[in-house]
$ cat work-v1.txt   # compact mmCIF, N, CA and C atoms
# COMPACT_ATOMS: atom_id res chain seq x y z
N MET A 11 155.54 137.61 64.10
CA MET A 11 155.28 136.57 65.06
C MET A 11 154.52 137.07 66.29
N ALA A 12 154.38 138.35 66.42
CA ALA A 12 153.70 138.88 67.60
C ALA A 12 152.23 138.48 67.63
N GLN A 13 151.62 138.30 66.45
CA GLN A 13 150.21 137.92 66.42
C GLN A 13 149.97 136.53 66.99
N ILE A 14 150.97 135.69 67.01
CA ILE A 14 150.83 134.36 67.58
C ILE A 14 150.66 134.45 69.09
N MET A 15 151.28 135.41 69.70
CA MET A 15 151.24 135.55 71.16
C MET A 15 149.95 136.18 71.66
N ARG A 16 149.24 136.89 70.79
CA ARG A 16 148.02 137.56 71.21
C ARG A 16 146.84 136.58 71.21
N PRO A 17 146.06 136.56 72.27
CA PRO A 17 144.88 135.70 72.27
C PRO A 17 143.77 136.30 71.41
N ASN A 18 142.92 135.46 70.89
CA ASN A 18 141.78 135.91 70.09
C ASN A 18 140.67 136.31 71.06
N ILE A 19 140.56 137.59 71.35
CA ILE A 19 139.55 138.05 72.31
C ILE A 19 138.20 138.30 71.64
N ALA A 20 138.18 138.42 70.31
CA ALA A 20 136.92 138.65 69.62
C ALA A 20 136.05 137.42 69.69
N GLY A 21 136.64 136.27 69.43
CA GLY A 21 135.90 135.02 69.53
C GLY A 21 134.82 134.89 68.47
N SER A 22 133.99 133.94 68.67
CA SER A 22 132.89 133.64 67.77
C SER A 22 131.58 133.83 68.51
N LEU A 23 130.52 133.99 67.74
CA LEU A 23 129.20 134.10 68.36
C LEU A 23 128.85 132.83 69.12
N PHE A 24 129.27 131.71 68.59
CA PHE A 24 128.98 130.43 69.24
C PHE A 24 130.23 129.87 69.91
N ALA A 25 131.00 130.74 70.54
CA ALA A 25 132.22 130.32 71.22
C ALA A 25 131.87 129.37 72.36
N THR A 26 132.72 128.41 72.54
CA THR A 26 132.51 127.44 73.60
C THR A 26 133.83 127.20 74.30
N ASP A 27 133.77 126.66 75.47
CA ASP A 27 134.98 126.36 76.22
C ASP A 27 135.38 124.89 76.07
N HIS A 28 134.71 124.18 75.18
CA HIS A 28 135.00 122.78 74.87
C HIS A 28 134.82 121.86 76.07
N LYS A 29 133.90 122.22 76.95
CA LYS A 29 133.57 121.38 78.09
C LYS A 29 132.08 121.06 78.00
N PRO A 30 131.67 119.90 78.50
CA PRO A 30 130.24 119.59 78.48
C PRO A 30 129.48 120.39 79.54
N HIS A 31 128.31 120.87 79.15
CA HIS A 31 127.41 121.58 80.06
C HIS A 31 126.01 120.99 79.91
N PRO A 32 125.76 119.80 80.45
CA PRO A 32 124.47 119.14 80.20
C PRO A 32 123.28 119.89 80.78
N VAL A 33 123.42 120.48 81.95
CA VAL A 33 122.29 121.20 82.55
C VAL A 33 121.96 122.44 81.74
N GLN A 34 122.98 123.19 81.37
CA GLN A 34 122.77 124.41 80.59
C GLN A 34 122.22 124.10 79.20
N ASP A 35 122.72 123.04 78.58
CA ASP A 35 122.21 122.66 77.26
C ASP A 35 120.76 122.19 77.33
N THR A 36 120.40 121.49 78.40
CA THR A 36 119.02 121.06 78.58
C THR A 36 118.10 122.26 78.77
N LEU A 37 118.51 123.21 79.60
CA LEU A 37 117.71 124.42 79.79
C LEU A 37 117.59 125.22 78.50
N LEU A 38 118.64 125.25 77.72
CA LEU A 38 118.60 125.93 76.42
C LEU A 38 117.58 125.28 75.50
N ALA A 39 117.61 123.96 75.40
CA ALA A 39 116.68 123.25 74.53
C ALA A 39 115.24 123.42 75.01
N VAL A 40 115.01 123.31 76.31
CA VAL A 40 113.66 123.46 76.86
C VAL A 40 113.14 124.87 76.62
N THR A 41 113.98 125.86 76.84
CA THR A 41 113.56 127.25 76.64
C THR A 41 113.23 127.51 75.18
N LEU A 42 114.04 127.00 74.26
CA LEU A 42 113.76 127.20 72.84
C LEU A 42 112.46 126.51 72.42
N VAL A 43 112.24 125.29 72.88
CA VAL A 43 111.01 124.57 72.52
C VAL A 43 109.80 125.27 73.10
N LEU A 44 109.86 125.66 74.37
CA LEU A 44 108.74 126.37 74.98
C LEU A 44 108.49 127.71 74.30
N GLY A 45 109.56 128.39 73.91
CA GLY A 45 109.42 129.67 73.22
C GLY A 45 108.73 129.52 71.88
N VAL A 46 109.12 128.50 71.12
CA VAL A 46 108.49 128.28 69.82
C VAL A 46 107.02 127.91 69.98
N VAL A 47 106.73 127.01 70.91
CA VAL A 47 105.34 126.60 71.14
C VAL A 47 104.50 127.80 71.59
N SER A 48 105.03 128.57 72.51
CA SER A 48 104.30 129.73 73.02
C SER A 48 104.07 130.76 71.92
N PHE A 49 105.10 131.02 71.13
CA PHE A 49 104.98 132.02 70.07
C PHE A 49 103.98 131.60 69.01
N VAL A 50 104.03 130.34 68.59
CA VAL A 50 103.14 129.86 67.53
C VAL A 50 101.70 129.79 68.02
N THR A 51 101.49 129.27 69.23
CA THR A 51 100.12 129.13 69.72
C THR A 51 99.51 130.48 70.10
N ALA A 52 100.34 131.50 70.31
CA ALA A 52 99.80 132.82 70.64
C ALA A 52 99.07 133.45 69.45
N MET A 53 99.29 132.94 68.26
CA MET A 53 98.63 133.48 67.08
C MET A 53 97.17 133.02 66.96
N PHE A 54 96.77 132.11 67.82
CA PHE A 54 95.40 131.60 67.80
C PHE A 54 94.74 131.95 69.13
N HIS A 55 93.63 132.69 69.07
CA HIS A 55 92.97 133.19 70.28
C HIS A 55 92.52 132.07 71.20
N HIS A 56 92.05 130.97 70.65
CA HIS A 56 91.50 129.91 71.49
C HIS A 56 92.58 129.06 72.15
N LEU A 57 93.85 129.29 71.86
CA LEU A 57 94.94 128.56 72.50
C LEU A 57 95.68 129.41 73.52
N HIS A 58 94.97 130.38 74.11
CA HIS A 58 95.63 131.30 75.03
C HIS A 58 96.13 130.61 76.29
N LEU A 59 95.46 129.56 76.73
CA LEU A 59 95.95 128.84 77.91
C LEU A 59 97.31 128.21 77.64
N LEU A 60 97.44 127.55 76.50
CA LEU A 60 98.70 126.91 76.15
C LEU A 60 99.80 127.95 75.95
N SER A 61 99.49 129.01 75.24
CA SER A 61 100.53 130.01 74.97
C SER A 61 100.96 130.74 76.23
N SER A 62 100.03 131.06 77.11
CA SER A 62 100.42 131.79 78.32
C SER A 62 101.19 130.91 79.29
N TRP A 63 100.79 129.65 79.45
CA TRP A 63 101.51 128.77 80.38
C TRP A 63 102.88 128.37 79.84
N THR A 64 102.97 128.03 78.56
CA THR A 64 104.28 127.69 78.01
C THR A 64 105.20 128.91 77.99
N GLY A 65 104.63 130.08 77.76
CA GLY A 65 105.42 131.30 77.82
C GLY A 65 105.96 131.58 79.21
N LEU A 66 105.12 131.39 80.21
CA LEU A 66 105.54 131.62 81.59
C LEU A 66 106.65 130.65 82.00
N VAL A 67 106.46 129.38 81.70
CA VAL A 67 107.47 128.38 82.04
C VAL A 67 108.75 128.63 81.23
N GLY A 68 108.61 129.04 79.97
CA GLY A 68 109.78 129.36 79.15
C GLY A 68 110.55 130.55 79.69
N ILE A 69 109.85 131.54 80.19
CA ILE A 69 110.52 132.70 80.80
C ILE A 69 111.28 132.27 82.04
N LEU A 70 110.68 131.44 82.87
CA LEU A 70 111.33 131.00 84.10
C LEU A 70 112.56 130.12 83.82
N THR A 71 112.42 129.16 82.89
CA THR A 71 113.57 128.31 82.57
C THR A 71 114.67 129.10 81.88
N GLY A 72 114.29 130.04 81.04
CA GLY A 72 115.29 130.88 80.37
C GLY A 72 116.02 131.79 81.34
N ALA A 73 115.31 132.33 82.30
CA ALA A 73 115.95 133.19 83.30
C ALA A 73 116.93 132.40 84.16
N TYR A 74 116.54 131.20 84.56
CA TYR A 74 117.47 130.37 85.34
C TYR A 74 118.65 129.93 84.47
N GLY A 75 118.39 129.63 83.21
CA GLY A 75 119.47 129.27 82.29
C GLY A 75 120.46 130.41 82.12
N GLN A 76 119.96 131.64 82.03
CA GLN A 76 120.85 132.79 81.94
C GLN A 76 121.70 132.92 83.21
N PHE A 77 121.10 132.61 84.32
CA PHE A 77 121.80 132.74 85.60
C PHE A 77 122.98 131.78 85.69
N ILE A 78 122.83 130.56 85.14
CA ILE A 78 123.90 129.56 85.27
C ILE A 78 124.66 129.32 83.97
N SER A 79 124.36 130.05 82.90
CA SER A 79 125.03 129.82 81.61
C SER A 79 126.51 130.18 81.71
N GLU A 80 127.30 129.49 80.87
CA GLU A 80 128.75 129.69 80.92
C GLU A 80 129.35 130.13 79.60
N THR A 81 128.64 129.95 78.49
CA THR A 81 129.21 130.31 77.20
C THR A 81 128.28 131.26 76.45
N THR A 82 128.83 131.92 75.46
CA THR A 82 128.07 132.83 74.63
C THR A 82 127.00 132.09 73.84
N ARG A 83 127.32 130.88 73.39
CA ARG A 83 126.35 130.07 72.64
C ARG A 83 125.10 129.82 73.46
N GLU A 84 125.27 129.49 74.72
CA GLU A 84 124.12 129.25 75.59
C GLU A 84 123.32 130.52 75.79
N ARG A 85 124.00 131.62 76.04
CA ARG A 85 123.31 132.88 76.30
C ARG A 85 122.54 133.37 75.07
N PHE A 86 123.13 133.19 73.90
CA PHE A 86 122.46 133.61 72.66
C PHE A 86 121.16 132.84 72.46
N GLY A 87 121.22 131.52 72.57
CA GLY A 87 120.02 130.69 72.41
C GLY A 87 118.98 130.97 73.47
N LEU A 88 119.43 131.21 74.70
CA LEU A 88 118.49 131.51 75.77
C LEU A 88 117.76 132.83 75.54
N ILE A 89 118.46 133.82 75.02
CA ILE A 89 117.82 135.10 74.75
C ILE A 89 116.77 134.96 73.66
N VAL A 90 117.07 134.17 72.62
CA VAL A 90 116.09 133.93 71.56
C VAL A 90 114.86 133.23 72.14
N GLY A 91 115.08 132.19 72.94
CA GLY A 91 113.97 131.48 73.57
C GLY A 91 113.19 132.34 74.54
N LEU A 92 113.90 133.17 75.31
CA LEU A 92 113.23 134.08 76.24
C LEU A 92 112.36 135.08 75.50
N GLY A 93 112.85 135.62 74.41
CA GLY A 93 112.07 136.58 73.63
C GLY A 93 110.81 135.96 73.07
N ALA A 94 110.94 134.77 72.49
CA ALA A 94 109.76 134.09 71.94
C ALA A 94 108.78 133.72 73.05
N SER A 95 109.29 133.28 74.19
CA SER A 95 108.42 132.94 75.32
C SER A 95 107.68 134.17 75.83
N ALA A 96 108.39 135.29 75.91
CA ALA A 96 107.76 136.51 76.41
C ALA A 96 106.67 137.01 75.47
N VAL A 97 106.94 136.98 74.17
CA VAL A 97 105.91 137.42 73.21
C VAL A 97 104.70 136.51 73.31
N GLY A 98 104.93 135.20 73.35
CA GLY A 98 103.82 134.25 73.48
C GLY A 98 103.06 134.43 74.78
N PHE A 99 103.80 134.65 75.85
CA PHE A 99 103.16 134.86 77.16
C PHE A 99 102.28 136.10 77.15
N PHE A 100 102.82 137.21 76.67
CA PHE A 100 102.05 138.45 76.68
C PHE A 100 100.84 138.40 75.75
N LEU A 101 100.98 137.79 74.59
CA LEU A 101 99.82 137.65 73.70
C LEU A 101 98.80 136.68 74.29
N GLY A 102 99.28 135.63 74.94
CA GLY A 102 98.35 134.71 75.62
C GLY A 102 97.60 135.40 76.73
N MET A 103 98.29 136.26 77.46
CA MET A 103 97.62 137.02 78.53
C MET A 103 96.60 137.99 77.94
N ALA A 104 96.91 138.58 76.82
CA ALA A 104 95.99 139.51 76.19
C ALA A 104 94.76 138.80 75.64
N HIS A 105 94.91 137.54 75.26
CA HIS A 105 93.78 136.79 74.69
C HIS A 105 92.92 136.11 75.72
N GLY A 106 93.32 136.09 76.97
CA GLY A 106 92.49 135.45 77.98
C GLY A 106 93.20 135.05 79.24
N GLY A 107 94.52 135.04 79.20
CA GLY A 107 95.29 134.82 80.40
C GLY A 107 95.51 133.35 80.78
N LEU A 108 96.07 133.19 81.96
CA LEU A 108 96.43 131.87 82.46
C LEU A 108 95.22 131.04 82.84
N PHE A 109 94.15 131.67 83.29
CA PHE A 109 92.96 130.94 83.71
C PHE A 109 91.71 131.41 83.01
N GLY A 110 91.87 132.15 81.93
CA GLY A 110 90.70 132.71 81.22
C GLY A 110 89.72 131.67 80.75
N GLY A 111 88.48 131.82 81.15
CA GLY A 111 87.43 130.89 80.74
C GLY A 111 87.28 129.69 81.64
N LEU A 112 88.22 129.47 82.55
CA LEU A 112 88.13 128.33 83.44
C LEU A 112 87.54 128.69 84.80
N ILE A 113 87.71 129.94 85.20
CA ILE A 113 87.19 130.39 86.50
C ILE A 113 85.99 131.30 86.25
N GLY A 114 84.94 131.00 86.91
CA GLY A 114 83.76 131.87 86.84
C GLY A 114 82.95 131.62 85.68
$ encode --input "work-v1.txt" --output "structure tokens"
Amino acid sequence: MAQIMRPNIAGSLFATDHKPHPVQDTLLAVTLVLGVVSFVTAMFHHLHLLSSWTGLVGILTGAYGQFISETTRERFGLIVGLGASAVGFFLGMAHGGLFGGLIG
């Protein structure tokens, strides 16, 4: 019966506290969408403006989401979105940057 008294400290990867977190969930969804868009468009040289801007905004929303996140599920999704946003941002910068072709 001693195992009944011990709390489950291992938890799950998608552990939640069973409370609503609308702001954190919105930031998670926005970061994931921006990360996917940035990552996919970074594979095309002529879409560097879209990939670099969506990557930059995805990095910023993901960083703020990490700052206010409360559960492991939120943090896991934010890290995936941040990684995709960063790859898209850096490839977009390498292909022409935030203003490439528009100035000068």
$ residues_around --input "work-v1.txt" --residues "A:Phe49" --least-positions-apart "2" --cutoff "6 Å" --atoms "only N, CA and C atoms" --output "ChimeraX atom specification"
/A:44-47,51-53,94-95,97-98
$ closest_residue --input "work-v1.txt" --among "A:Gly87, A:Leu59, A:Met103, A:Phe77" --to "A:Ala39" --atoms "all atoms listed in the file"
A:Gly87
$ closest_residue --input "work-v1.txt" --among "A:Gly68, A:Gly110, A:Gly102, A:Gly75" --to "A:Thr41" --atoms "only N, CA and C atoms"
A:Gly68
$ residues_around --input "work-v1.txt" --residues "A:Leu66" --least-positions-apart "4" --cutoff "8 Å" --atoms "all atoms listed in the file" --output "CSV table (one decimal) with N, CA and C atoms, in the frame of the given file"
chain,number,residue,atom,x,y,z
A,44,LEU,N,109.9,125.7,74.4
A,44,LEU,CA,108.7,126.4,75.0
A,44,LEU,C,108.5,127.7,74.3
A,48,SER,N,105.0,128.6,72.5
A,48,SER,CA,104.3,129.7,73.0
A,48,SER,C,104.1,130.8,71.9
A,60,LEU,N,97.4,127.6,76.5
A,60,LEU,CA,98.7,126.9,76.2
A,60,LEU,C,99.8,128.0,76.0
A,61,SER,N,99.5,129.0,75.2
A,61,SER,CA,100.5,130.0,75.0
A,61,SER,C,101.0,130.7,76.2
A,62,SER,N,100.0,131.1,77.1
A,62,SER,CA,100.4,131.8,78.3
A,62,SER,C,101.2,130.9,79.3
A,70,LEU,N,110.7,131.4,82.9
A,70,LEU,CA,111.3,131.0,84.1
A,70,LEU,C,112.6,130.1,83.8
A,71,THR,N,112.4,129.2,82.9
A,71,THR,CA,113.6,128.3,82.6
A,71,THR,C,114.7,129.1,81.9
A,72,GLY,N,114.3,130.0,81.0
A,72,GLY,CA,115.3,130.9,80.4
A,72,GLY,C,116.0,131.8,81.3
A,95,SER,N,109.3,133.3,74.2
A,95,SER,CA,108.4,132.9,75.3
A,95,SER,C,107.7,134.2,75.8
A,96,ALA,N,108.4,135.3,75.9
A,96,ALA,CA,107.8,136.5,76.4
A,96,ALA,C,106.7,137.0,75.5
A,98,GLY,N,104.9,135.2,73.4
A,98,GLY,CA,103.8,134.2,73.5
A,98,GLY,C,103.1,134.4,74.8
A,99,PHE,N,103.8,134.6,75.8
A,99,PHE,CA,103.2,134.9,77.2
A,99,PHE,C,102.3,136.1,77.2
A,100,PHE,N,102.8,137.2,76.7
A,100,PHE,CA,102.0,138.4,76.7
A,100,PHE,C,100.8,138.4,75.8
$ atom_distance --input "work-v1.txt" --atom1 "atom N of A:Asp35" --atom2 "atom N of A:Leu108"
28.7 Å
$ atom_distance --input "work-v1.txt" --atom1 "atom CA of A:Thr64" --atom2 "atom CA of A:Pro32"
22.0 Å
$ closest_residue --input "work-v1.txt" --among "A:Leu42, A:His55, A:Val50, A:Val33" --to "A:Leu88" --atoms "only C-alpha atoms"
A:Leu42
$ residues_around --input "work-v1.txt" --residues "A:Thr81" --least-positions-apart "4" --cutoff "6.5 Å" --atoms "all atoms listed in the file" --output "VMD selection string"
chain A and resid 25 to 27 85 to 86
$ select_by_dssp --input "work-v1.txt" --residues "chain A" --states "alpha helix (DSSP H)" --output "PyMOL selection string"
chain A and resi 12-15+32-51+58-78+82-105
$ atom_distance --input "work-v1.txt" --atom1 "atom CA of A:Gln76" --atom2 "atom CA of A:Trp63"
19.8 Å
$ closest_residue --input "work-v1.txt" --among "A:Gly106, A:Val90, A:Leu37, A:His56" --to "A:Tyr74" --atoms "all atoms listed in the file"
A:Leu37
